[in-house]
Amino acid sequence: MGAVALADVATGPSLGFLPLVAVGPAFAPLVGGWRRTACVGVIALLLCFALGWYDDMTTPRRGWMVVGSVIGVTLAGLVAVFLRREREAELDSVRSIAEAAQRVLLKPVPKLAGRLRAAVSYTSAVAEARIGGDLYEVVAAPQGVRVIVGDVQGKGLEAVETAALVLGAFREAALDEADLVEVGGRLARSVDRQLDGERFVTAILAEVSAHQVTFLNFGHPAPMLVRDDGTLDLPEPESYALPLGLGAHGTADPQPYHAAFLPGDQLLLYTDGIIEARDRGGRFYPLAERAHLLKDHDPETALETLRQDLLQHVSGPLQDDAAMLLLRYR
C-alpha cells in the first residue's frame with residue numbers, strides 16, 4: 001500500500017494507481033488475525049481518502065467505487081480470517097490425536113535393555129510426520145534382547161497400518177516364544193494372514209545373548225557391525241528369504257545366522273532409506289564409509305551425527321523413510 005501511495009503521488013491521477021490500495025486488505029488475512037486485517041483495512045481507507053483528495057477524486061463516482069472496494073475486500077478478509085481460524089483449530093485437534101497415536105505405535109526404545117544400550121533415529125519422508133512405513137522395537141526377553149527393524153512397502157496410512165500390525169505381532173511373540181526362529185515364524189504367519197499378499201514388509205530380527213547376536217533376515221539390508229578396533233562386518237545369510245507377507249509363494253523360511261558381538265562393538269540396524277539416499281549427482285549414501293561417525297560415547301549423539309551427515313549428503317528432504325537402531329554394551 002505504501003508503494004501504491006508513492007506511485008500515485010509521483011505520477012498523479014492520470015495512471016490511476018488508487019484501486020491497487022485494495023491489495024493490502026486482500027492479503028492481510030493470510031498473515032494475521034482479524035485485528036490486523038481490520039487495521040490494514042482502516043489504513044487502506046485512510047489512504048483512499050488522502051489520495052482521493054490529492055487526486056481531486058472526492059466527488060467523482062470512481063473515487064467512491066474505490067472506497068467501496070476497499071470496504072468490501074476488508075469485510076471478506078475478516079470472514080476469511082474466522083474461517084481460517086476454525087480450520088486451524090480442527091487441524092490442531094487432528095494433529096494432537098495423530099501425535100498421540102504415533103507415540104503409541106512407535107514408542108521410544110528403552111535406553112537400557114538388559115546389558116545393552118539402545119538408541120534410535122527416525123526421519124519420515126512425509127513432512128511433519130513422526131512415523132511412516134519404517135518400524136523398530138526393542139524387547140528385553142528372558143532369552144536376551146530381541147529387536148526388529150523393518151520397512152513396509154508403500155507410504156501413507158496403509159503403510160502405517162501395516163507397521164502397527166507387525167509391531168503388535170512382534171511385541172507379543174518376542175516375550176512368548178523361546179527361540180528367535182519361532183518368533184519369526186509366528187510373525188510371518190500373522191502378517192501373511194492379515195496382508196493377503198497385497199503388501200509386504202522387509203524386516204530383520206536380532207537377538208543378543210552371551211556375546212553373540214543371532215539374525216533372522218526377511219529380505220532386509222544386512223546389518224552393520226562396527227568392531228572395537230574400527231573394522232566393519234556386514235553379516236549376511238547364505239540365502240535371503242522373501243519379505244513378510246509373501247508366504248503364499250511357498251518359499252523357504254529364513255535361516256538363522258550368528259555373529260560375535262563383544263563389549264566395545266556396535267550393531268547398527270537400518271532401513272533402505274539410509275543406503276538408497278542419493279545426492280544431487282545420483283550417488284548413494286556410503287554408510288560403510290561413515291561408520292567412524294558413530295564414535296561418540298553417547299549412542300544417541302552418535303546416531304544424530306550420522307543422521308545429520310545423511311541429510312547433508314542428500315541436500316534436501318529425504319525421498320523415503322529412514323530408520324536406524326544402534327545397540328552397544330553398557
# chains A, B, ... in the order shown; residues from 1 in each chain; ligands from 1
call {"tool": "residues_around", "arguments": {"residues": "Val66 in chain A", "least_positions_apart": "5", "cutoff": "10 Å", "atoms": "only C-alpha atoms", "output": "mmCIF file with N, CA, C and O atoms, in the first residue's frame"}}
result
data_model
loop_
_atom_site.group_PDB
_atom_site.id
_atom_site.type_symbol
_atom_site.label_atom_id
_atom_site.label_comp_id
_atom_site.auth_asym_id
_atom_site.auth_seq_id
_atom_site.Cartn_x
_atom_site.Cartn_y
_atom_site.Cartn_z
ATOM 1 N N LEU A 18 -4.766 4.287 -7.618
ATOM 2 C CA LEU A 18 -5.537 4.254 -6.379
ATOM 3 C C LEU A 18 -6.270 2.927 -6.133
ATOM 4 O O LEU A 18 -6.277 2.426 -5.003
ATOM 5 N N PRO A 19 -6.897 2.263 -7.122
ATOM 6 C CA PRO A 19 -7.592 0.999 -6.840
ATOM 7 C C PRO A 19 -6.692 -0.106 -6.304
ATOM 8 O O PRO A 19 -7.173 -1.035 -5.653
ATOM 9 N N LEU A 20 -5.380 -0.002 -6.545
ATOM 10 C CA LEU A 20 -4.479 -1.045 -6.069
ATOM 11 C C LEU A 20 -4.303 -1.026 -4.559
ATOM 12 O O LEU A 20 -3.708 -1.948 -3.993
ATOM 13 N N VAL A 21 -4.802 -0.014 -3.892
ATOM 14 C CA VAL A 21 -4.736 0.017 -2.424
ATOM 15 C C VAL A 21 -5.489 -1.169 -1.834
ATOM 16 O O VAL A 21 -5.146 -1.668 -0.751
ATOM 17 N N ALA A 22 -6.503 -1.680 -2.522
ATOM 18 C CA ALA A 22 -7.286 -2.806 -2.018
ATOM 19 C C ALA A 22 -6.477 -4.093 -1.926
ATOM 20 O O ALA A 22 -6.916 -5.062 -1.297
ATOM 21 N N LEU A 45 -8.380 2.584 3.869
ATOM 22 C CA LEU A 45 -9.418 3.606 3.706
ATOM 23 C C LEU A 45 -8.840 5.012 3.865
ATOM 24 O O LEU A 45 -9.171 5.929 3.100
ATOM 25 N N CYS A 48 -7.068 5.884 0.818
ATOM 26 C CA CYS A 48 -8.011 6.199 -0.259
ATOM 27 C C CYS A 48 -8.503 7.647 -0.152
ATOM 28 O O CYS A 48 -8.529 8.392 -1.147
ATOM 29 N N PHE A 49 -8.867 8.033 1.065
ATOM 30 C CA PHE A 49 -9.357 9.410 1.238
ATOM 31 C C PHE A 49 -8.248 10.421 0.981
ATOM 32 O O PHE A 49 -8.464 11.447 0.324
ATOM 33 N N GLY A 52 -7.411 10.280 -2.706
ATOM 34 C CA GLY A 52 -8.535 10.818 -3.461
ATOM 35 C C GLY A 52 -8.589 12.337 -3.370
ATOM 36 O O GLY A 52 -8.884 13.023 -4.350
ATOM 37 N N ARG A 61 -17.613 9.524 -9.169
ATOM 38 C CA ARG A 61 -18.056 8.176 -8.802
ATOM 39 C C ARG A 61 -16.887 7.209 -8.671
ATOM 40 O O ARG A 61 -16.901 6.301 -7.856
ATOM 41 N N ILE A 71 -13.656 -1.413 1.370
ATOM 42 C CA ILE A 71 -14.531 -1.874 2.459
ATOM 43 C C ILE A 71 -14.987 -3.310 2.204
ATOM 44 O O ILE A 71 -14.968 -4.164 3.101
ATOM 45 N N GLY A 72 -15.374 -3.614 0.956
ATOM 46 C CA GLY A 72 -15.824 -4.965 0.648
ATOM 47 C C GLY A 72 -14.719 -5.993 0.809
ATOM 48 O O GLY A 72 -14.934 -7.077 1.368
#
call {"tool": "residues_around", "arguments": {"residues": "range 227-237 of chain A", "least_positions_apart": "2", "cutoff": "7 Å", "atoms": "only C-alpha atoms", "output": "list in words"}}
result
Ala222, Pro223, Met224, Leu225, Ser239, Tyr240, Tyr257, Gly264, Asp265 and Gln266 of chain A
call {"tool": "write_last_selection", "arguments": {"atoms": "N, CA, C and O atoms", "output": "PDB file, in the first residue's frame"}}
result
ATOM      1  N   ALA A 222      21.543 -55.936   5.023  1.00  0.00           N
ATOM      2  CA  ALA A 222      22.385 -56.564   6.039  1.00  0.00           C
ATOM      3  C   ALA A 222      22.732 -55.569   7.143  1.00  0.00           C
ATOM      4  O   ALA A 222      22.962 -54.382   6.872  1.00  0.00           O
ATOM      5  N   PRO A 223      22.765 -56.012   8.393  1.00  0.00           N
ATOM      6  CA  PRO A 223      23.158 -55.122   9.491  1.00  0.00           C
ATOM      7  C   PRO A 223      24.647 -54.784   9.398  1.00  0.00           C
ATOM      8  O   PRO A 223      25.410 -55.432   8.667  1.00  0.00           O
ATOM      9  N   MET A 224      25.040 -53.770  10.145  1.00  0.00           N
ATOM     10  CA  MET A 224      26.445 -53.356  10.147  1.00  0.00           C
ATOM     11  C   MET A 224      27.006 -53.482  11.559  1.00  0.00           C
ATOM     12  O   MET A 224      26.495 -52.869  12.499  1.00  0.00           O
ATOM     13  N   LEU A 225      28.036 -54.287  11.707  1.00  0.00           N
ATOM     14  CA  LEU A 225      28.741 -54.452  12.974  1.00  0.00           C
ATOM     15  C   LEU A 225      30.041 -53.662  12.910  1.00  0.00           C
ATOM     16  O   LEU A 225      30.887 -53.903  12.046  1.00  0.00           O
ATOM     17  N   SER A 239      21.292 -67.439   2.091  1.00  0.00           N
ATOM     18  CA  SER A 239      20.294 -67.113   1.068  1.00  0.00           C
ATOM     19  C   SER A 239      19.204 -66.268   1.726  1.00  0.00           C
ATOM     20  O   SER A 239      18.786 -66.555   2.854  1.00  0.00           O
ATOM     21  N   TYR A 240      18.776 -65.257   1.016  1.00  0.00           N
ATOM     22  CA  TYR A 240      17.762 -64.354   1.552  1.00  0.00           C
ATOM     23  C   TYR A 240      16.368 -64.954   1.382  1.00  0.00           C
ATOM     24  O   TYR A 240      16.046 -65.529   0.334  1.00  0.00           O
ATOM     25  N   TYR A 257      21.375 -67.001  11.436  1.00  0.00           N
ATOM     26  CA  TYR A 257      22.837 -66.991  11.325  1.00  0.00           C
ATOM     27  C   TYR A 257      23.385 -66.121  12.455  1.00  0.00           C
ATOM     28  O   TYR A 257      22.668 -65.282  13.018  1.00  0.00           O
ATOM     29  N   GLY A 264      32.377 -53.232  23.397  1.00  0.00           N
ATOM     30  CA  GLY A 264      33.137 -52.340  22.521  1.00  0.00           C
ATOM     31  C   GLY A 264      32.636 -52.348  21.095  1.00  0.00           C
ATOM     32  O   GLY A 264      32.919 -51.413  20.337  1.00  0.00           O
ATOM     33  N   ASP A 265      31.901 -53.403  20.699  1.00  0.00           N
ATOM     34  CA  ASP A 265      31.320 -53.462  19.359  1.00  0.00           C
ATOM     35  C   ASP A 265      30.026 -52.657  19.313  1.00  0.00           C
ATOM     36  O   ASP A 265      29.389 -52.390  20.342  1.00  0.00           O
ATOM     37  N   GLN A 266      29.625 -52.283  18.091  1.00  0.00           N
ATOM     38  CA  GLN A 266      28.355 -51.587  17.872  1.00  0.00           C
ATOM     39  C   GLN A 266      27.592 -52.314  16.766  1.00  0.00           C
ATOM     40  O   GLN A 266      28.180 -52.727  15.765  1.00  0.00           O
TER      41      GLN A 266
END
call {"tool": "residues_around", "arguments": {"residues": "range 203-210 of chain A", "least_positions_apart": "5", "cutoff": "6 Å", "atoms": "only C-alpha atoms", "output": "PyMOL selection string"}}
result
chain A and resi 144-150+215-218+220
call {"tool": "write_last_selection", "arguments": {"atoms": "N, CA, C and O atoms", "output": "PDB file, in the first residue's frame"}}
result
ATOM      1  N   GLY A 144      17.191 -63.025  25.960  1.00  0.00           N
ATOM      2  CA  GLY A 144      18.109 -61.990  25.515  1.00  0.00           C
ATOM      3  C   GLY A 144      17.346 -60.787  25.001  1.00  0.00           C
ATOM      4  O   GLY A 144      16.108 -60.750  25.013  1.00  0.00           O
ATOM      5  N   VAL A 145      18.065 -59.814  24.536  1.00  0.00           N
ATOM      6  CA  VAL A 145      17.436 -58.615  23.985  1.00  0.00           C
ATOM      7  C   VAL A 145      17.078 -58.887  22.525  1.00  0.00           C
ATOM      8  O   VAL A 145      17.947 -59.215  21.704  1.00  0.00           O
ATOM      9  N   ARG A 146      15.802 -58.756  22.201  1.00  0.00           N
ATOM     10  CA  ARG A 146      15.316 -59.005  20.847  1.00  0.00           C
ATOM     11  C   ARG A 146      14.867 -57.699  20.210  1.00  0.00           C
ATOM     12  O   ARG A 146      14.159 -56.901  20.845  1.00  0.00           O
ATOM     13  N   VAL A 147      15.281 -57.506  18.965  1.00  0.00           N
ATOM     14  CA  VAL A 147      14.949 -56.266  18.271  1.00  0.00           C
ATOM     15  C   VAL A 147      14.435 -56.597  16.880  1.00  0.00           C
ATOM     16  O   VAL A 147      14.685 -57.683  16.336  1.00  0.00           O
ATOM     17  N   ILE A 148      13.717 -55.648  16.322  1.00  0.00           N
ATOM     18  CA  ILE A 148      13.255 -55.746  14.938  1.00  0.00           C
ATOM     19  C   ILE A 148      13.391 -54.379  14.299  1.00  0.00           C
ATOM     20  O   ILE A 148      13.153 -53.351  14.931  1.00  0.00           O
ATOM     21  N   VAL A 149      13.815 -54.366  13.060  1.00  0.00           N
ATOM     22  CA  VAL A 149      13.796 -53.177  12.210  1.00  0.00           C
ATOM     23  C   VAL A 149      13.199 -53.603  10.884  1.00  0.00           C
ATOM     24  O   VAL A 149      13.618 -54.612  10.305  1.00  0.00           O
ATOM     25  N   GLY A 150      12.198 -52.863  10.416  1.00  0.00           N
ATOM     26  CA  GLY A 150      11.512 -53.259   9.189  1.00  0.00           C
ATOM     27  C   GLY A 150      11.124 -52.080   8.337  1.00  0.00           C
ATOM     28  O   GLY A 150      11.169 -50.919   8.767  1.00  0.00           O
ATOM     29  N   PHE A 215      20.685 -63.495  13.934  1.00  0.00           N
ATOM     30  CA  PHE A 215      19.859 -62.730  12.998  1.00  0.00           C
ATOM     31  C   PHE A 215      18.876 -63.643  12.284  1.00  0.00           C
ATOM     32  O   PHE A 215      19.146 -64.825  12.055  1.00  0.00           O
ATOM     33  N   LEU A 216      17.751 -63.038  11.906  1.00  0.00           N
ATOM     34  CA  LEU A 216      16.754 -63.678  11.052  1.00  0.00           C
ATOM     35  C   LEU A 216      16.331 -62.618  10.040  1.00  0.00           C
ATOM     36  O   LEU A 216      15.742 -61.598  10.411  1.00  0.00           O
ATOM     37  N   ASN A 217      16.647 -62.840   8.774  1.00  0.00           N
ATOM     38  CA  ASN A 217      16.507 -61.796   7.775  1.00  0.00           C
ATOM     39  C   ASN A 217      15.391 -62.125   6.791  1.00  0.00           C
ATOM     40  O   ASN A 217      15.424 -63.153   6.116  1.00  0.00           O
ATOM     41  N   PHE A 218      14.411 -61.229   6.706  1.00  0.00           N
ATOM     42  CA  PHE A 218      13.307 -61.342   5.748  1.00  0.00           C
ATOM     43  C   PHE A 218      13.514 -60.304   4.634  1.00  0.00           C
ATOM     44  O   PHE A 218      12.797 -59.320   4.538  1.00  0.00           O
ATOM     45  N   HIS A 220      15.826 -58.059   4.116  1.00  0.00           N
ATOM     46  CA  HIS A 220      16.188 -56.727   4.589  1.00  0.00           C
ATOM     47  C   HIS A 220      17.680 -56.481   4.367  1.00  0.00           C
ATOM     48  O   HIS A 220      18.468 -57.430   4.305  1.00  0.00           O
TER      49      HIS A 220
END
call {"tool": "select_by_dssp", "arguments": {"residues": "range 177-267 of chain A", "states": "alpha helix (DSSP H)", "output": "list in words"}}
result
Leu180, Val181, Glu182, Val183, Gly184, Gly185, Arg186, Leu187, Ala188, Arg189, Ser190, Val191, Asp192, Arg193, Gln194 and Leu195 of chain A
call {"tool": "select_by_dssp", "arguments": {"residues": "range 30-262 of chain A", "states": "strand (DSSP E)", "output": "ChimeraX atom specification"}}
result
/A:112-113,116-123,134-141,144-152,201-209,212-218,224-226,232-233,257-260
